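data.txt (compact mmCIF, C-alpha atoms) appears below.
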# COMPACT_ATOMS: atom_id res chain seq x y z
CA MET A 1 0.00 0.00 0.00
CA SER A 2 1.44 3.37 -0.96
CA GLU A 3 1.95 6.13 1.60
CA THR A 4 -0.67 8.28 -0.18
CA THR A 5 -3.27 5.53 -0.03
CA SER A 6 -2.42 4.90 3.61
CA GLU A 7 -2.96 8.58 4.42
CA GLN A 8 -6.33 8.52 2.66
CA VAL A 9 -7.44 5.53 4.71
CA LEU A 10 -6.41 7.29 7.92
CA ARG A 11 -8.31 10.48 7.02
CA VAL A 12 -11.81 9.07 6.75
CA ASP A 13 -13.12 12.43 7.95
CA ALA A 14 -12.01 13.91 4.61
CA TYR A 15 -14.94 12.27 2.82
CA PRO A 16 -18.55 13.51 2.69
CA THR A 17 -21.43 11.45 4.02
CA HIS A 18 -24.38 13.69 3.09
CA GLU A 19 -25.48 16.21 0.48
CA VAL A 20 -27.25 19.41 1.58
CA GLY A 21 -28.30 22.11 -0.85
CA GLY A 22 -26.09 20.69 -3.57
CA TYR A 23 -22.97 20.64 -1.37
CA ARG A 24 -21.15 17.58 -0.09
CA VAL A 25 -21.03 17.64 3.70
CA ARG A 26 -20.49 15.55 6.79
CA ALA A 27 -20.98 16.04 10.51
CA GLY A 28 -18.34 18.44 11.81
CA LYS A 29 -16.52 18.38 15.11
CA PRO A 30 -18.19 20.47 17.82
CA PHE A 31 -14.80 21.87 18.92
CA PRO A 32 -13.21 24.18 18.16
CA PHE A 33 -16.06 26.62 17.56
CA GLY A 34 -15.99 28.88 14.53
CA ALA A 35 -14.97 28.17 10.93
CA ASN A 36 -11.83 26.06 10.62
CA VAL A 37 -10.11 24.76 7.50
CA VAL A 38 -9.94 20.95 7.47
CA PRO A 39 -8.85 18.46 4.78
CA GLY A 40 -11.00 19.12 1.73
CA GLY A 41 -13.28 21.71 3.27
CA VAL A 42 -14.28 23.99 6.12
CA SER A 43 -15.76 22.88 9.44
CA PHE A 44 -18.41 25.21 10.85
CA SER A 45 -19.39 24.92 14.52
CA VAL A 46 -21.79 27.21 16.38
CA PHE A 47 -23.50 27.10 19.79
CA SER A 48 -27.15 27.85 20.52
CA ASP A 49 -28.96 26.34 23.47
CA GLN A 50 -32.53 27.25 22.47
CA ALA A 51 -32.45 27.31 18.66
CA THR A 52 -34.77 24.77 17.07
CA SER A 53 -32.78 24.75 13.83
CA MET A 54 -29.67 26.38 12.35
CA THR A 55 -28.77 27.26 8.77
CA LEU A 56 -25.32 28.07 7.40
CA VAL A 57 -25.49 30.96 4.92
CA ILE A 58 -22.60 31.24 2.43
CA PHE A 59 -21.83 34.26 0.25
CA LYS A 60 -19.31 34.84 -2.48
CA ARG A 61 -17.05 37.53 -1.12
CA GLY A 62 -18.69 40.93 -1.43
CA GLU A 63 -21.91 39.66 -3.04
CA PRO A 64 -25.19 40.90 -1.52
CA GLU A 65 -27.13 37.65 -1.90
CA PRO A 66 -26.17 34.20 -0.62
CA MET A 67 -24.75 31.57 -2.95
CA ALA A 68 -26.02 28.80 -0.67
CA GLU A 69 -28.06 28.17 2.47
CA LEU A 70 -27.41 24.83 4.15
CA GLU A 71 -29.58 23.73 7.06
CA PHE A 72 -27.73 21.61 9.60
CA PRO A 73 -29.21 18.09 9.62
CA GLU A 74 -30.50 17.10 13.06
CA GLU A 75 -27.88 14.35 13.27
CA PHE A 76 -25.17 17.06 12.96
CA ARG A 77 -26.22 18.52 16.31
CA THR A 78 -24.35 17.48 19.44
CA GLY A 79 -26.01 18.81 22.57
CA SER A 80 -26.43 22.52 21.83
CA VAL A 81 -23.72 22.66 19.16
CA PHE A 82 -24.41 22.58 15.42
CA ALA A 83 -21.34 21.34 13.51
CA MET A 84 -20.93 20.64 9.80
CA THR A 85 -18.00 20.23 7.42
CA VAL A 86 -18.67 21.57 3.92
CA PHE A 87 -16.39 20.29 1.16
CA GLY A 88 -15.17 22.07 -1.95
CA LEU A 89 -15.39 25.66 -0.66
CA ASP A 90 -12.91 28.31 -1.77
CA HIS A 91 -12.39 29.44 1.82
CA GLU A 92 -10.44 32.57 0.85
CA ASN A 93 -13.30 33.92 -1.24
CA ILE A 94 -16.37 33.29 0.85
CA GLU A 95 -18.20 35.03 3.66
CA TYR A 96 -20.61 33.24 5.94
CA GLY A 97 -23.19 33.67 8.68
CA TYR A 98 -26.05 31.81 10.35
CA ARG A 99 -29.82 31.87 10.51
CA ALA A 100 -31.00 30.65 13.91
CA ASP A 101 -34.65 29.67 14.22
CA GLY A 102 -36.41 29.41 17.55
CA PRO A 103 -38.90 31.19 19.82
CA PHE A 104 -39.33 34.96 19.71
CA ASP A 105 -40.37 35.53 23.32
CA PRO A 106 -38.51 38.55 24.77
CA ALA A 107 -40.17 38.16 28.18
CA SER A 108 -38.45 34.77 28.43
CA GLY A 109 -35.21 36.16 27.01
CA HIS A 110 -35.51 34.68 23.51
CA ARG A 111 -35.15 36.84 20.39
CA PHE A 112 -34.77 34.35 17.53
CA ASP A 113 -35.54 35.59 14.03
CA ALA A 114 -34.62 33.29 11.13
CA ARG A 115 -34.95 36.19 8.68
CA GLN A 116 -31.69 37.67 9.98
CA VAL A 117 -28.22 36.46 9.05
CA LEU A 118 -26.00 36.48 12.13
CA SER A 119 -22.27 36.92 12.42
CA ASP A 120 -20.27 34.07 13.97
CA PRO A 121 -19.10 35.02 17.50
CA TYR A 122 -15.90 33.06 16.78
CA ALA A 123 -15.18 34.65 13.38
CA ARG A 124 -11.45 35.42 13.09
CA LEU A 125 -12.05 38.01 10.37
CA ILE A 126 -14.98 40.35 9.67
CA ALA A 127 -15.78 41.97 6.32
CA GLY A 128 -18.14 44.86 5.72
CA ARG A 129 -16.22 47.68 7.39
CA ASP A 130 -12.95 47.27 5.50
CA VAL A 131 -11.89 50.92 5.16
CA TRP A 132 -12.21 53.49 7.95
CA GLY A 133 -15.00 56.03 7.54
CA VAL A 134 -16.59 54.65 4.38
CA GLU A 135 -20.36 54.94 4.72
CA PRO A 136 -21.84 51.42 4.56
CA ASP A 137 -24.71 50.42 2.31
CA ARG A 138 -27.35 49.99 4.98
CA SER A 139 -29.79 48.44 2.52
CA ARG A 140 -27.75 45.27 2.68
CA GLY A 141 -29.21 42.77 5.10
CA TYR A 142 -25.98 41.29 6.44
CA GLN A 143 -23.57 44.02 7.50
CA TYR A 144 -20.81 42.31 9.53
CA ARG A 145 -19.74 39.31 7.52
CA SER A 146 -17.76 36.44 9.00
CA ARG A 147 -14.76 35.21 7.06
CA VAL A 148 -12.49 32.16 7.28
CA CYS A 149 -8.94 32.87 8.49
CA LEU A 150 -5.84 30.76 7.88
CA GLN A 151 -3.30 30.42 10.70
CA ASP A 152 -0.22 30.47 8.48
CA PHE A 153 1.75 33.49 9.73
CA ASP A 154 5.51 33.00 10.11
CA TRP A 155 6.43 34.12 13.63
CA GLY A 156 10.06 33.12 13.27
CA ASP A 157 11.66 32.97 16.72
CA ASP A 158 9.26 35.49 18.32
CA THR A 159 8.70 34.76 22.01
CA PRO A 160 6.96 36.65 24.85
CA LEU A 161 9.19 39.27 26.48
CA ARG A 162 7.86 38.66 30.02
CA ILE A 163 9.00 42.03 31.33
CA PRO A 164 8.27 42.18 35.10
CA ALA A 165 5.21 44.33 35.79
CA GLU A 166 7.17 46.64 38.09
CA ASP A 167 9.58 47.44 35.24
CA LEU A 168 6.95 48.39 32.66
CA VAL A 169 6.85 51.86 31.12
CA VAL A 170 3.48 51.84 29.36
CA TYR A 171 2.42 54.08 26.49
CA GLU A 172 -1.33 54.10 25.86
CA ALA A 173 -2.21 54.68 22.22
CA HIS A 174 -5.13 54.75 19.80
CA VAL A 175 -4.11 52.93 16.63
CA ARG A 176 -5.70 55.45 14.29
CA GLY A 177 -5.01 58.58 16.31
CA PHE A 178 -1.34 57.79 16.81
CA THR A 179 -0.37 58.28 13.15
CA ARG A 180 -3.41 59.89 11.51
CA HIS A 181 -2.01 63.44 11.41
CA PRO A 182 0.44 64.27 8.56
CA SER A 183 3.03 65.25 11.16
CA SER A 184 3.50 61.55 11.94
CA GLY A 185 5.31 61.23 8.60
CA VAL A 186 4.19 57.67 7.91
CA THR A 187 3.19 56.18 4.58
CA ALA A 188 0.09 54.40 5.93
CA PRO A 189 -1.46 56.85 8.42
CA GLY A 190 -4.01 55.59 10.93
CA THR A 191 -3.14 51.90 10.57
CA PHE A 192 -1.23 49.04 12.18
CA ALA A 193 1.35 49.52 9.42
CA GLY A 194 1.63 53.22 10.26
CA LEU A 195 2.19 52.44 13.93
CA ARG A 196 4.87 49.97 12.92
CA GLU A 197 6.74 52.77 11.16
CA LYS A 198 6.91 54.66 14.47
CA ILE A 199 8.65 51.90 16.44
CA PRO A 200 12.00 53.78 16.40
CA TYR A 201 10.19 56.81 17.88
CA LEU A 202 8.67 54.64 20.62
CA LYS A 203 12.12 53.28 21.40
CA GLU A 204 13.46 56.82 21.68
CA LEU A 205 10.78 57.63 24.24
CA GLY A 206 12.13 54.86 26.47
CA ILE A 207 8.88 52.90 26.74
CA ASN A 208 8.85 49.09 26.83
CA CYS A 209 5.12 48.43 26.53
CA ILE A 210 2.34 49.83 24.34
CA GLU A 211 -1.28 49.49 25.45
CA LEU A 212 -3.63 49.74 22.50
CA LEU A 213 -7.14 51.06 22.85
CA PRO A 214 -9.70 48.58 21.44
CA VAL A 215 -8.58 46.87 18.23
CA PHE A 216 -11.37 44.27 18.01
CA GLU A 217 -13.76 44.86 15.11
CA PHE A 218 -16.19 47.70 15.81
CA ASP A 219 -18.27 49.99 13.61
CA GLU A 220 -17.10 53.59 13.62
CA SER A 221 -20.18 54.58 11.58
CA ASP A 222 -22.50 53.46 14.39
CA ASN A 223 -22.94 56.98 15.74
CA PRO A 224 -26.01 59.12 14.97
CA ARG A 225 -24.43 62.35 16.19
CA SER A 226 -22.95 65.23 14.23
CA ASN A 227 -20.95 68.29 15.19
CA PRO A 228 -23.53 70.86 16.40
CA GLU A 229 -21.48 73.75 15.01
CA THR A 230 -20.38 72.40 11.63
CA GLY A 231 -22.86 69.60 10.95
CA GLU A 232 -19.91 67.31 10.29
CA ARG A 233 -20.59 63.61 10.69
CA LEU A 234 -19.11 62.19 13.92
CA PHE A 235 -17.71 58.70 14.30
CA ASP A 236 -17.54 56.17 17.13
CA TYR A 237 -13.83 56.86 17.38
CA TRP A 238 -12.73 55.03 20.50
CA GLY A 239 -13.95 51.52 19.71
CA TYR A 240 -15.54 50.59 23.05
CA ASN A 241 -18.47 49.00 21.22
CA THR A 242 -17.30 45.58 20.09
CA VAL A 243 -18.89 43.86 17.10
CA SER A 244 -16.59 40.83 16.98
CA PHE A 245 -14.17 39.80 19.73
CA PHE A 246 -11.90 37.46 17.73
CA ALA A 247 -11.34 39.77 14.74
CA PRO A 248 -8.85 42.66 14.41
CA LYS A 249 -10.43 45.82 13.03
CA ALA A 250 -10.12 45.89 9.25
CA GLY A 251 -10.36 49.69 9.17
CA TYR A 252 -7.15 49.87 11.21
CA ALA A 253 -5.21 48.04 8.49
CA ALA A 254 -3.73 49.44 5.30
CA THR A 255 -4.50 45.98 3.87
CA GLY A 256 -8.00 45.73 5.37
CA ARG A 257 -9.68 46.00 1.97
CA TYR A 258 -7.79 42.83 0.99
CA GLY A 259 -8.71 40.95 4.17
CA MET A 260 -5.11 40.97 5.42
CA GLN A 261 -5.68 42.85 8.68
CA GLY A 262 -4.74 39.81 10.75
CA ASP A 263 -1.27 39.45 9.25
CA GLU A 264 -0.69 43.21 9.31
CA PHE A 265 -1.42 43.28 13.04
CA ARG A 266 0.76 40.21 13.66
CA THR A 267 3.63 41.88 11.80
CA LEU A 268 3.29 44.95 14.04
CA ILE A 269 3.41 42.82 17.19
CA LYS A 270 6.36 40.78 15.92
CA ASP A 271 8.36 43.94 15.20
CA LEU A 272 7.41 45.56 18.51
CA HIS A 273 8.70 42.47 20.31
CA ALA A 274 11.92 42.63 18.31
CA ALA A 275 12.32 46.19 19.59
CA GLY A 276 11.80 45.06 23.20
CA ILE A 277 8.23 46.44 23.45
CA GLU A 278 5.35 44.41 24.87
CA VAL A 279 1.77 44.72 23.59
CA ILE A 280 -1.25 44.99 25.90
CA LEU A 281 -4.78 45.13 24.46
CA ASP A 282 -7.65 47.09 25.98
CA VAL A 283 -10.53 44.56 25.90
CA VAL A 284 -14.24 45.23 26.40
CA PHE A 285 -16.03 42.07 27.52
CA ASN A 286 -18.59 43.89 29.66
CA HIS A 287 -20.98 44.78 26.79
CA THR A 288 -21.40 44.51 23.01
CA ALA A 289 -22.52 46.69 20.11
CA GLU A 290 -26.00 45.11 20.17
CA GLY A 291 -27.31 47.50 22.83
CA ASN A 292 -30.62 46.99 24.61
CA GLU A 293 -33.99 45.80 23.26
CA LEU A 294 -33.96 48.73 20.80
CA GLY A 295 -30.47 47.92 19.50
CA PRO A 296 -29.47 45.90 16.44
CA THR A 297 -29.23 42.13 16.25
CA ILE A 298 -25.72 41.29 15.03
CA SER A 299 -24.70 37.99 16.59
CA PHE A 300 -25.21 37.05 20.26
CA LYS A 301 -28.74 38.46 20.51
CA GLY A 302 -29.99 36.29 17.66
CA LEU A 303 -28.02 33.14 18.51
CA ASP A 304 -28.78 32.85 22.23
CA ASN A 305 -29.83 36.09 23.88
CA ALA A 306 -30.73 34.46 27.20
CA THR A 307 -27.27 32.93 27.55
CA TYR A 308 -25.06 35.83 26.51
CA TYR A 309 -26.73 38.76 28.30
CA MET A 310 -27.80 39.63 31.84
CA LEU A 311 -31.59 39.95 31.69
CA THR A 312 -34.20 41.16 34.16
CA PRO A 313 -37.08 38.79 35.07
CA GLU A 314 -39.13 40.62 32.42
CA GLY A 315 -36.53 40.01 29.70
CA TYR A 316 -35.03 43.52 29.59
CA TYR A 317 -31.28 44.15 29.72
CA PHE A 318 -29.37 44.93 32.90
CA ASN A 319 -27.16 47.92 32.15
CA PHE A 320 -24.16 47.84 34.47
CA SER A 321 -22.00 49.00 31.54
CA GLY A 322 -23.88 52.23 30.85
CA THR A 323 -24.21 51.27 27.18
CA GLY A 324 -27.50 49.36 27.05
CA ASN A 325 -26.54 45.76 27.79
CA THR A 326 -24.26 43.73 30.04
CA VAL A 327 -22.58 40.47 29.04
CA ASN A 328 -23.46 37.50 31.27
CA CYS A 329 -19.78 36.83 31.90
CA ASN A 330 -20.09 34.18 34.62
CA HIS A 331 -22.44 31.92 32.71
CA PRO A 332 -20.36 28.78 32.00
CA VAL A 333 -20.73 29.13 28.21
CA VAL A 334 -19.86 32.83 28.23
CA ARG A 335 -16.86 32.53 30.51
CA ASN A 336 -15.51 29.81 28.21
CA TYR A 337 -16.08 32.18 25.30
CA VAL A 338 -14.01 34.89 27.02
CA LEU A 339 -11.29 32.35 27.77
CA ASP A 340 -11.25 31.08 24.17
CA CYS A 341 -11.00 34.65 22.94
CA LEU A 342 -8.05 35.57 25.16
CA ARG A 343 -6.28 32.32 24.32
CA HIS A 344 -6.75 33.20 20.64
CA TRP A 345 -5.05 36.58 21.05
CA VAL A 346 -2.19 35.11 23.08
CA ALA A 347 -1.60 32.02 20.92
CA ASP A 348 -2.38 33.42 17.45
CA TYR A 349 -1.25 37.03 17.93
CA HIS A 350 1.41 36.73 20.69
CA VAL A 351 -0.24 39.46 22.77
CA ASP A 352 1.49 40.02 26.13
CA GLY A 353 -1.42 41.18 28.26
CA PHE A 354 -4.89 42.67 28.57
CA ARG A 355 -6.47 45.65 30.27
CA PHE A 356 -10.11 44.80 31.04
CA ASP A 357 -12.58 47.65 30.63
CA LEU A 358 -15.10 47.93 33.52
CA ALA A 359 -13.72 44.71 34.94
CA ALA A 360 -15.95 44.76 38.03
CA ILE A 361 -18.71 43.48 35.73
CA LEU A 362 -16.66 40.31 35.23
CA GLY A 363 -17.32 39.53 38.89
CA ARG A 364 -21.13 39.84 38.78
CA SER A 365 -23.65 36.99 38.71
CA ALA A 366 -26.48 36.70 36.15
CA ASP A 367 -28.71 39.00 38.26
CA GLY A 368 -25.92 41.51 38.81
CA THR A 369 -25.02 40.50 42.36
CA PRO A 370 -21.25 40.76 43.05
CA LEU A 371 -19.80 37.28 43.53
CA PRO A 372 -17.34 36.58 46.37
CA ASN A 373 -15.41 34.09 44.19
CA PRO A 374 -16.09 34.97 40.53
CA PRO A 375 -15.58 31.89 38.33
CA LEU A 376 -14.43 33.87 35.30
CA LEU A 377 -11.73 35.81 37.14
CA GLU A 378 -10.44 32.61 38.74
CA LEU A 379 -10.53 30.76 35.41
CA LEU A 380 -8.43 33.44 33.69
CA ALA A 381 -6.00 33.66 36.60
CA PHE A 382 -5.10 29.97 36.47
CA ASP A 383 -5.45 29.17 32.76
CA PRO A 384 -2.27 27.47 31.47
CA VAL A 385 -2.24 29.35 28.13
CA LEU A 386 -2.55 32.70 29.90
CA ARG A 387 -0.04 31.70 32.57
CA HIS A 388 2.47 34.49 31.84
CA THR A 389 -0.01 36.98 30.39
CA LYS A 390 -0.57 40.26 32.22
CA LEU A 391 -4.15 40.72 33.48
CA ILE A 392 -5.05 44.29 34.44
CA ALA A 393 -8.47 45.23 35.79
CA GLU A 394 -10.25 48.55 35.53
CA ALA A 395 -11.71 47.66 38.92
CA TRP A 396 -15.08 49.41 38.71
CA ASP A 397 -18.19 49.56 36.52
CA ALA A 398 -21.01 51.94 35.60
CA GLY A 399 -23.34 50.27 38.11
CA GLY A 400 -21.43 51.63 41.08
CA LEU A 401 -19.30 48.59 41.93
CA TYR A 402 -15.87 50.00 42.88
CA GLU A 403 -13.25 47.41 43.81
CA VAL A 404 -9.92 49.22 43.67
CA GLY A 405 -7.79 47.58 46.33
CA ASN A 406 -10.32 44.81 46.72
CA PHE A 407 -10.53 43.22 43.26
CA PRO A 408 -10.47 39.37 43.35
CA ALA A 409 -6.84 38.94 42.31
CA TYR A 410 -5.98 35.24 42.86
CA GLY A 411 -2.36 36.31 42.98
CA ARG A 412 -2.50 37.28 39.30
CA TRP A 413 -4.67 40.32 38.64
CA ALA A 414 -3.30 43.86 38.71
CA GLU A 415 -5.53 46.93 39.03
CA TRP A 416 -5.83 50.37 37.59
CA ASN A 417 -5.99 52.95 40.35
CA GLY A 418 -8.38 55.56 38.99
CA LYS A 419 -7.94 58.04 41.80
CA TYR A 420 -4.15 57.98 41.44
CA ARG A 421 -4.51 58.39 37.67
CA ASP A 422 -6.89 61.34 38.03

Please lay out the structure from this file as structure tokens.
Amino acid sequence: MSETTSEQVLRVDAYPTHEVGGYRVRAGKPFPFGANVVPGGVSFSVFSDQATSMTLVIFKRGEPEPMAELEFPEEFRTGSVFAMTVFGLDHENIEYGYRADGPFDPASGHRFDARQVLSDPYARLIAGRDVWGVEPDRSRGYQYRSRVCLQDFDWGDDTPLRIPAEDLVVYEAHVRGFTRHPSSGVTAPGTFAGLREKIPYLKELGINCIELLPVFEFDESDNPRSNPETGERLFDYWGYNTVSFFAPKAGYAATGRYGMQGDEFRTLIKDLHAAGIEVILDVVFNHTAEGNELGPTISFKGLDNATYYMLTPEGYYFNFSGTGNTVNCNHPVVRNYVLDCLRHWVADYHVDGFRFDLAAILGRSADGTPLPNPPLLELLAFDPVLRHTKLIAEAWDAGGLYEVGNFPAYGRWAEWNGKYRD
């Protein structure tokens, strides 16, 4: 038997068992979640506890209408996870999403609507906001499009710097604001590539760590306000309104229009490390861009609203974040989501640490009560992948919980001291 034949025999999972919507498919593996390239195809896995059915919606890149809609066969469901491998897809030239069907009963926390295409919470890339400030076509039904991402970046000999916390000199920066003005003298202003050009300047300053304001995908055009004096359109500039937690913002990349924002950001981090500079990300797990009951349905709200958000007994949204909703961080599914996300940024992007926005929320129960031993904070403190990652809490929230000096640290968490800063 030849080696090739032997390999084929060993990879029985590389063969379809079913046909759905004209595509050859087979049951996928529930883990890992998201869209992952496998031999011969792409495995799609998505969680929903209350959905009665799930449909994978596939688009040719940039096309307004789907090229295929494939309903997950019932036998492809394991517990509350729908998983399917689709063969023969050109993974670099597709976008995808989901239609989740189920009860629409807001009083019970359920907001399913199969008419809406939902973004994958585990999408590693998002299309639809590829260039900063370009007004989107809001007539299109699916705005934030999930894309498949290859993990093929060459990190060379890059390793974490592990600078002791007491030796850090941290420079906080906004990726766009740092190089947007012509005085920065860079060739790609307002981007990861532009920031990379300023590494010698950062070295001259004497800093050894840069803390980046939110770089996860957000929508700068999601702002109804304009300048009252000039009428000029205003943007959501700061990015504390996350659309997708696993995806770097395409509008922060000179190559975002080509879907290369992931590699552009990795190159920046690799070169910062080579210059002796750590990278800390400002992360916003306390709320999402979906807002309250009047806000848009992008992803979590349509996939499993009752799991992902803190809800009142009447089905409204607790608002400990001050932005309309609060993520149900200590639900077992959600805390695993946060852990998966942070592991992704550490393993796939070599990030050195995280500053957690309104981190007191991460210690609240589903009804908002502060927990004496928050499972999420303990989980992150002792996770083996995050073992040497810096964890920094903004130890308060908009609901009045102020824990500076009393944040559950588990020997790992550091704190911002707001009063000292002010």

Just want the 6 Å neighbourhood of range 114-116 of chain A, counted on all atoms listed in the file, with same-chain residues fewer than 4 positions away dropped. Output as a short mmCIF file (atom, residue, chain, number, x, y, z; two decimals) with C-alpha atoms, in the frame of the given file.
data_model
loop_
_atom_site.label_atom_id
_atom_site.label_comp_id
_atom_site.auth_asym_id
_atom_site.auth_seq_id
_atom_site.Cartn_x
_atom_site.Cartn_y
_atom_site.Cartn_z
CA ARG A 99 -29.82 31.87 10.51
CA ALA A 100 -31.00 30.65 13.91
CA ASP A 101 -34.65 29.67 14.22
#

Residues of range 153-199 of chain A within 12 Å of range 371-391 of chain A: nearest atom pair and distance (Å, one decimal) for each, counting all atoms listed in the file, sorted by chain and number, as CSV?
residue,atom,partner,partner_atom,distance
A:Thr159,CA,A:His388,CA,11.6
A:Pro160,CA,A:His388,CA,8.6
A:Leu161,CA,A:His388,CA,9.8
A:Arg162,CA,A:His388,CA,7.1
A:Ile163,CA,A:Lys390,CA,9.8
A:Pro164,CA,A:Lys390,CA,9.5
A:Ala165,CA,A:Lys390,CA,7.9
A:Glu166,CA,A:Lys390,CA,11.6
A:Leu168,CA,A:Lys390,CA,11.1

Pull C-alpha atoms from the residues just selected and write them as a compact mmCIF listing (two decimals), in the coordinates of the input.
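Final output, part-v8.txt:
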# COMPACT_ATOMS: atom_id res chain seq x y z
CA THR A 159 8.70 34.76 22.01
CA PRO A 160 6.96 36.65 24.85
CA LEU A 161 9.19 39.27 26.48
CA ARG A 162 7.86 38.66 30.02
CA ILE A 163 9.00 42.03 31.33
CA PRO A 164 8.27 42.18 35.10
CA ALA A 165 5.21 44.33 35.79
CA GLU A 166 7.17 46.64 38.09
CA LEU A 168 6.95 48.39 32.66

From the options A:Arg257, A:Lys249, A:Arg355, A:His287, which residue's atoms come nearest to Phe300 in chain A, counting only C-alpha atoms?
A:His287

Nearest to Ile210 in chain A: which of A:Asp352, A:Glu92, A:Asp158, A:Glu229 is it, counting all atoms listed in the file?
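Residue with the minimum atom-to-atom distance to Ile210 in chain A: A:Asp352.
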
Closest to Lys301 in chain A among A:Pro39, A:Gly28, A:Pro103, A:Gly109, using only C-alpha atoms?
A:Gly109

Can you work out the spacing between CA of Asn328 in chain A and CA of Phe235 in chain A in Å, to one decimal?
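If I compute the distance from CA of Asn328 in chain A to CA of Phe235 in chain A, I get 27.8 Å.
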
Between A:Asn286, A:Thr187, A:Thr297, A:Gln151, which is the closest to Met260 in chain A once you count all atoms listed in the file?
A:Gln151

Would you mind listing, for every residue of range 216-289 of chain A within 7 Å of range 124-140 of chain A, the two atoms forming the shortest contact and the distance between them in Å to one decimal, using all atoms listed in the file, sorted by chain and ascending residue number, as a Markdown table?
| residue | atom | partner | partner_atom | distance |
| --- | --- | --- | --- | --- |
| A:Asp219 | CA | A:Arg129 | CA | 6.9 |
| A:Glu220 | CA | A:Gly133 | CA | 6.9 |
| A:Ser221 | CA | A:Gly133 | CA | 6.7 |
| A:Phe246 | CA | A:Arg124 | CA | 5.1 |
| A:Ala247 | CA | A:Arg124 | CA | 4.7 |
| A:Pro248 | CA | A:Leu125 | CA | 6.9 |
| A:Ala250 | CA | A:Asp130 | CA | 4.9 |
| A:Gly251 | CA | A:Trp132 | CA | 4.4 |
| A:Gly256 | CA | A:Asp130 | CA | 5.2 |
| A:Arg257 | CA | A:Asp130 | CA | 5.0 |

Kindly give the distance, in Å, that separates CA of Ala414 in chain A and CA of His350 in chain A, rounded to a single decimal.
19.9 Å

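Take the candidates A:Thr52, A:Thr78, A:Asn241, A:Ser108 and check each one against Pro214 in chain A using all atoms listed in the file; the shortest distance goes to A:Asn241.
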
Restricting the calculation to all atoms listed in the file, which member of A:Leu272, A:Ala359, A:Cys149, A:Val404 is positioned closest to Glu95 in chain A?
A:Cys149
